[in-house]
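Participant: Got a structure for you, questions after.
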Amino acid sequence: MQIARHYLNLHTHLTDDDRHSPHEVTLEEIAAVCACTIRNAKLLVKHMCELDWISWIPGRGRGNRSSIAFKIVREDIILLIAKELGEKGEFQTAFALLEENGIEGPPMESFLDWVYKRLGYQVEMRDSRQLETLCFPFYRPIPRLDPLYVTRRTEAHMVKQLFDTMVVFDLETKTIKPHLAHYWERNEEGTVWTFYLRKGVLFHNKQTLTAHDVKATLERVRKLADDIPYFRLFASFTRIEVKKDTVIEVELATPSFLFLHFLSSTAASIIPRDALTNGEEAFSRMPIGSGPFSLARNDDVLFRLEAFPSYFCGRPHLDRVDLWIIPELKDRVVPELGGLPIRYFPFQAEKEWGEAEWLDHDQIETGSLFITFNVKKDSVVQHPAFRQAIDLMLDRGKMIKELKGKRLCPAYGMIPQFAEEVEREPIRPQATAKEIHTLLLQSGYKGEPLRIYAYQPESENEIDVRWVAAECQRYGVQLEVSVFAIEELQTKQRIQEADMILTGEVYDDNLEISLIETLQRTISFLRGHLDESSAAYVDDKIKQLIQDPAASTRMQLFRQIDQYLKAKRAILYLYHTRQSSSHHHLLSGVTINSYGWADYRTLWFKER
C-alpha cells in the first residue's frame, strides 16, 4: 500500500503532532517529498481525499499555497504499513519500523494480536483441495542443516524431519528398530554387519535410495574425520562394501555394542550420493533427504517444510509447516493464534493462561547449563584452587531464584538422572568469604581480567553469564564477558582464547550416543578445554562402555566420567531447564521429544 507510505512521509515532513490543523503546502513540495511528478502528486492528493485521510483546500491563483489537514493519526498509518509488510512475511522489517517510530503500548499490542492471527492453523484452497498449514514464529534463521555439522537442538530436530537413518532408536522400549534397513545380521565377533535395505525408498528429488547412497554417506563421515562432530563414533570403519543395490556390508576394526545406536544418530542420516554437487554450503541451506518433509524455502524470513507424498512410512497429515523468523516474539507468551485458535509453540516463556482448551507440555530438559575451564591455557584457571573458588562463589539456588524464567533446579551432573545418587541438598556455597579469598590467594590470582564467553542469540545465556560475572566481581574476580554467534564461538580460535565458557547441552532421545558425541566432539567447549589426562580418562571409559553389552553398566561408566570431571572441576554445573510447549486441544498426535519439539509427521487437526 504505497499510498500509506506517501501519507507517512508527508505527515513527517509537515508536522510533528497528530492534531488535525491545516498546513500550507504546494504540489511541488508534495511531488518532492513523494519523489513523483506534479501530475502524480495531484493523483495522490485526490486518492487520499477519497480515502478520507486528508482535507484539501487548493490554493487560488498563481503563487497561492494549498492547505492540507491530516485526519489519520501517524501511528495508525505506521501500523497499516507494518501490516502490509507482515502480509508479505517481512515481520522483521515491520517490527523495525514500529521500533524506529516509537510505537509501543496498546498500538503495539494491536499489531501483535494481528500477527498472532496470521499464525497457528491456516487452511487455504489450492487446486480444489484444502491445504493445511501449521504456522508459528521462531526467533532465528536455520541455515545449517548438514547432518554432519548439526550441534543445536533445532537443527537436529529439523534433520529428523528431512532425513532418515538406517535404523531408529525407540524411546519407549529403549531398543533399535528397523527403518531404511528392514533387516540386519552380524558375524559372531560383532565386527561384520550386513544390512538389507527397503526397496523403492525415494529421496525428495525422486531419486531412488540405494546401498550406494548409504556407502557414500558413511564414507563421507569417515573421510571428514577431524572436521566433524561425530568422527570418533565412525572412525572404526575398515570396510564399506555394496553387495547389491539393497545390500551393504560394513566391517569394524573392533566390536561395538553401540554400533546400531551410531547408525541411528543424526550424523548417519543418509543423503544422496550426488548431494554435494553444488557444494556443502548450498546443501546445508537446502538439503535433500528422504524424510517425511522436504524443504521448500529456507531464508531469513521463512523456513517452510512441505509434506513428501512418497514418504515410505506414510505421508504426513499436515501439508506444510511454516516457521516465520520473528526474533521479536522470542520471549513473549503467545495467546490465541490463527483463523482457528490452534497454537503450537515450543519453548514458551512463563505462561499466563489457564484455559481448559489449551494443553501444556512441561518436562525437565535432558541436559544442563555449565561452565568449562580452559586448563590448556596458561592462566590462573589451571590452578584447582581457583576453580574451586569460582565453584563456591556461585550459589545455584540464588541464581535460579533471582533470574527465574525456565531455570528449574540446580544441576548435579550432565543430565537430571545423575542426581539420583547425589544427596538432594541445595547446591550453594558453604564456604565463607574468607575461605574463598584464601583459595584465590593459593591460586596466585592477582586481579587480572579473565575472558568468559557465551553464545547468542540465546538471550538467556547472556543473562546467565552476566550474572556469573557479577557474582565473581563481589569476590574481586574480574570476568570480561563476550557473546558470539554460535558458529563463531565453536571455532578453535574462540575456544582456545577463552578462559571460561558458559554453555549448555541438550541431549537426544538416544542418550548414550548423544553423551558420547558431547564428550568426544572434536570442536566442542568441553572437549576443547580438557587437559590431556582428563581427555584420556574420558576416552578410556568410552572405549570400555561401547564394548559392554549391558546398558546399565554403560550408564554407570557415564556416571563415572561425569563424577570425574566434576571432582576435578573441569566443569561446573549450574542448573537444569524446564521445557514448556503449548497447543490447542484440537491439535492431535503431539509427542514432545527431548529437544522440546513435536514430530510434525504425526500432527493432525480435529474438527471443531
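Letters for chains follow the order of the C-alpha cells (A, B, ...), residue numbers begin at 1 for each chain, and ligand numbers begin at 1 in the order shown.
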For Gln544 (chain A), find every residue with an atom within 12 Å (counting only C-alpha atoms), except residues of its own chain fewer than 2 positions away, and show them as a PyMOL selection string.

Facilitator: chain A and resi 254-258+537-542+546-550+553-558+560-561

Participant: Neighbours of region 372-377 of chain A within 7 Å (only C-alpha atoms; same-chain residues fewer than 5 positions away dropped), as JSON, numbers by chain?

Facilitator: {"A": [382, 498, 499, 500, 501, 502, 525, 526, 529, 530, 531, 570, 571, 572]}

Participant: Which residues, written as a ChimeraX atom specification, have at least one atom at most 8 Å from Gly476 (chain A), with only C-alpha atoms counted and residues fewer than 3 positions away on the same chain left out?

Facilitator: /A:447,472-473

Participant: Pick out the residues sitting within 6 Å of region 23-38 of chain A, and hand them over as a PyMOL selection string; count only C-alpha atoms, and ignore anything fewer than 6 positions along from it in its own chain.

Facilitator: chain A and resi 6+65-68

Participant: Kindly indicate which residue among A:His182, A:Arg494, A:Arg74, A:Lys42 lies nearest to Thr12 (chain A), using only C-alpha atoms for the distances.

Facilitator: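 Comparing A:His182, A:Arg494, A:Arg74, A:Lys42 against Thr12 (chain A), the winner is A:Arg74.
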
Participant: Within 7 Å of Phe386 (chain A), counting only C-alpha atoms, which residues show up once you throw out same-chain ones fewer than 5 positions away? Write them as JSON, numbers by chain, please.

Facilitator: {"A": [380, 381, 439, 440, 443]}

Participant: I need the chosen residues saved as a JSON list (two decimals), in the first residue's frame, with C-alpha atoms.

Facilitator:
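Everything below was put into result28.json:
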[["chain", "number", "residue", "atom", "x", "y", "z"],
["A", 380, "VAL", "CA", 45.16, -18.95, 36.70],
["A", 381, "VAL", "CA", 42.25, -21.23, 35.71],
["A", 439, "LEU", "CA", 41.61, -20.20, 47.81],
["A", 440, "LEU", "CA", 42.15, -17.24, 45.46],
["A", 443, "SER", "CA", 45.83, -19.95, 43.23]]

Participant: At what distance in Å, to one decimal, does CA of Arg387 (chain A) lie from CA of Tyr507 (chain A)?

Facilitator: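 Computing it gives 25.8 Å between the two atoms.
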
Participant: Could you pull out the helix (DSSP H, G or I) residues of region 313-553 of chain A, going by DSSP on the backbone, and write them as a ChimeraX atom specification?

Facilitator: /A:327-329,380-382,384-393,396-403,416-421,433-443,459-473,486-489,492-497,511-520,525-529,532-546,551-553

Participant: Please measure the separation of CA of Arg19 (chain A) and CA of Phe70 (chain A), giving the value in Å to one decimal.

Facilitator: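 CA of Phe70 (chain A) lies 7.7 Å from CA of Arg19 (chain A).
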
Participant: Which of these, A:Met414, A:Ile452, A:Ile400, A:Val483, has the shortest distance to Glu365 (chain A) once you count only C-alpha atoms?

Facilitator: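 Result for the nearest residue to Glu365 (chain A): A:Met414.
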
Participant: So, with only C-alpha atoms as the atoms that count, which of A:Glu435, A:Glu480, A:Asp599, A:Glu87 lies closest to Arg118 (chain A)?

Facilitator: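 Using only C-alpha atoms, Arg118 (chain A) sits closest to A:Glu87.
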
Participant: Could you tell me which of A:Ala485, A:Ala41, A:Cys313, A:Leu180 comes closest to Gln456 (chain A) if we count only C-alpha atoms?

Facilitator: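 Closest residue, counting only C-alpha atoms: A:Ala485.
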
Participant: Can you tell me, as JSON, numbers by chain, which residues in region 54-133 of chain A count as strand (DSSP E) by DSSP?

Facilitator: {"A": [54, 55, 56, 57, 66, 67, 68, 69, 70, 120, 121, 122, 123, 124, 125, 126, 129, 130, 131, 132, 133]}

Participant: Within 10 Å of region 462-468 of chain A, counting only C-alpha atoms, which residues qualify if same-chain residues fewer than 3 places away don't, as an MDAnalysis selection string?

Facilitator: chainID A and resid 369 371 390 393:395 399:400 402:403 452:459 471:473 479:484 501:503 574

Participant: Atoms to include: C-alpha atoms. Write the selected residues as an mmCIF file, in the first residue's frame.

Facilitator:
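Output file result.cif is given in full below:
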data_model
loop_
_atom_site.group_PDB
_atom_site.id
_atom_site.type_symbol
_atom_site.label_atom_id
_atom_site.label_comp_id
_atom_site.auth_asym_id
_atom_site.auth_seq_id
_atom_site.Cartn_x
_atom_site.Cartn_y
_atom_site.Cartn_z
ATOM 1 C CA LEU A 369 23.852 -25.422 31.764
ATOM 2 C CA ILE A 371 30.837 -23.591 32.755
ATOM 3 C CA ILE A 390 34.654 -19.975 41.450
ATOM 4 C CA MET A 393 31.120 -18.263 44.669
ATOM 5 C CA LEU A 394 28.166 -19.394 42.569
ATOM 6 C CA ASP A 395 25.053 -20.111 44.603
ATOM 7 C CA MET A 399 20.792 -17.871 40.615
ATOM 8 C CA ILE A 400 17.531 -19.699 39.930
ATOM 9 C CA GLU A 402 16.893 -14.250 41.038
ATOM 10 C CA LEU A 403 16.781 -14.998 37.310
ATOM 11 C CA ILE A 452 34.290 -15.714 29.858
ATOM 12 C CA TYR A 453 32.358 -16.398 26.648
ATOM 13 C CA ALA A 454 28.770 -17.353 25.850
ATOM 14 C CA TYR A 455 26.801 -17.617 22.641
ATOM 15 C CA GLN A 456 23.934 -15.647 21.171
ATOM 16 C CA PRO A 457 21.147 -15.172 20.125
ATOM 17 C CA GLU A 458 20.277 -17.157 23.262
ATOM 18 C CA SER A 459 19.357 -14.169 25.435
ATOM 19 C CA GLU A 471 28.796 -12.720 41.444
ATOM 20 C CA CYS A 472 32.508 -13.252 40.839
ATOM 21 C CA GLN A 473 33.110 -9.499 40.934
ATOM 22 C CA LEU A 479 35.418 -11.656 34.235
ATOM 23 C CA GLU A 480 35.218 -9.924 30.860
ATOM 24 C CA VAL A 481 32.009 -11.100 29.184
ATOM 25 C CA SER A 482 31.792 -11.601 25.416
ATOM 26 C CA VAL A 483 28.940 -13.188 23.481
ATOM 27 C CA PHE A 484 29.273 -14.554 19.960
ATOM 28 C CA ILE A 501 32.803 -20.675 28.526
ATOM 29 C CA LEU A 502 29.234 -20.710 29.780
ATOM 30 C CA THR A 503 27.240 -23.096 27.651
ATOM 31 C CA LEU A 574 24.678 -24.658 37.137
#

Participant: Have a look at CA of Arg451 (chain A) and CA of Ser379 (chain A) and let me know their distance in Å, one decimal.

Facilitator: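 CA of Arg451 (chain A) sits 10.6 Å away from CA of Ser379 (chain A).
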
Participant: Have a look at A:Phe111, A:Tyr196, A:Phe293, A:Phe138 and name the one nearest to Leu85 (chain A); count only C-alpha atoms.

Facilitator: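 When distances to Leu85 (chain A) are compared using only C-alpha atoms, the smallest one comes from A:Phe111.
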
Participant: Can you pull out every residue within 6 Å of region 209-221 of chain A, counting only C-alpha atoms, but drop anything in the same chain fewer than 4 positions away, and send it as a ChimeraX atom specification?

Facilitator: /A:201-202,245-246,248,270,272-273

Participant: Okay, now the selection with C-alpha atoms, as a short mmCIF file (atom, residue, chain, number, x, y, z; two decimals), in the first residue's frame?

Facilitator:
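That gives us part.cif:
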data_model
loop_
_atom_site.label_atom_id
_atom_site.label_comp_id
_atom_site.auth_asym_id
_atom_site.auth_seq_id
_atom_site.Cartn_x
_atom_site.Cartn_y
_atom_site.Cartn_z
CA VAL A 201 12.53 -45.55 -0.97
CA LEU A 202 12.74 -42.16 -2.70
CA ASP A 245 21.53 -52.09 -4.59
CA THR A 246 19.69 -53.24 -1.47
CA ILE A 248 25.54 -53.28 2.13
CA ILE A 270 21.51 -40.89 4.57
CA PRO A 272 22.04 -38.79 -1.98
CA ARG A 273 25.48 -39.70 -3.27
#
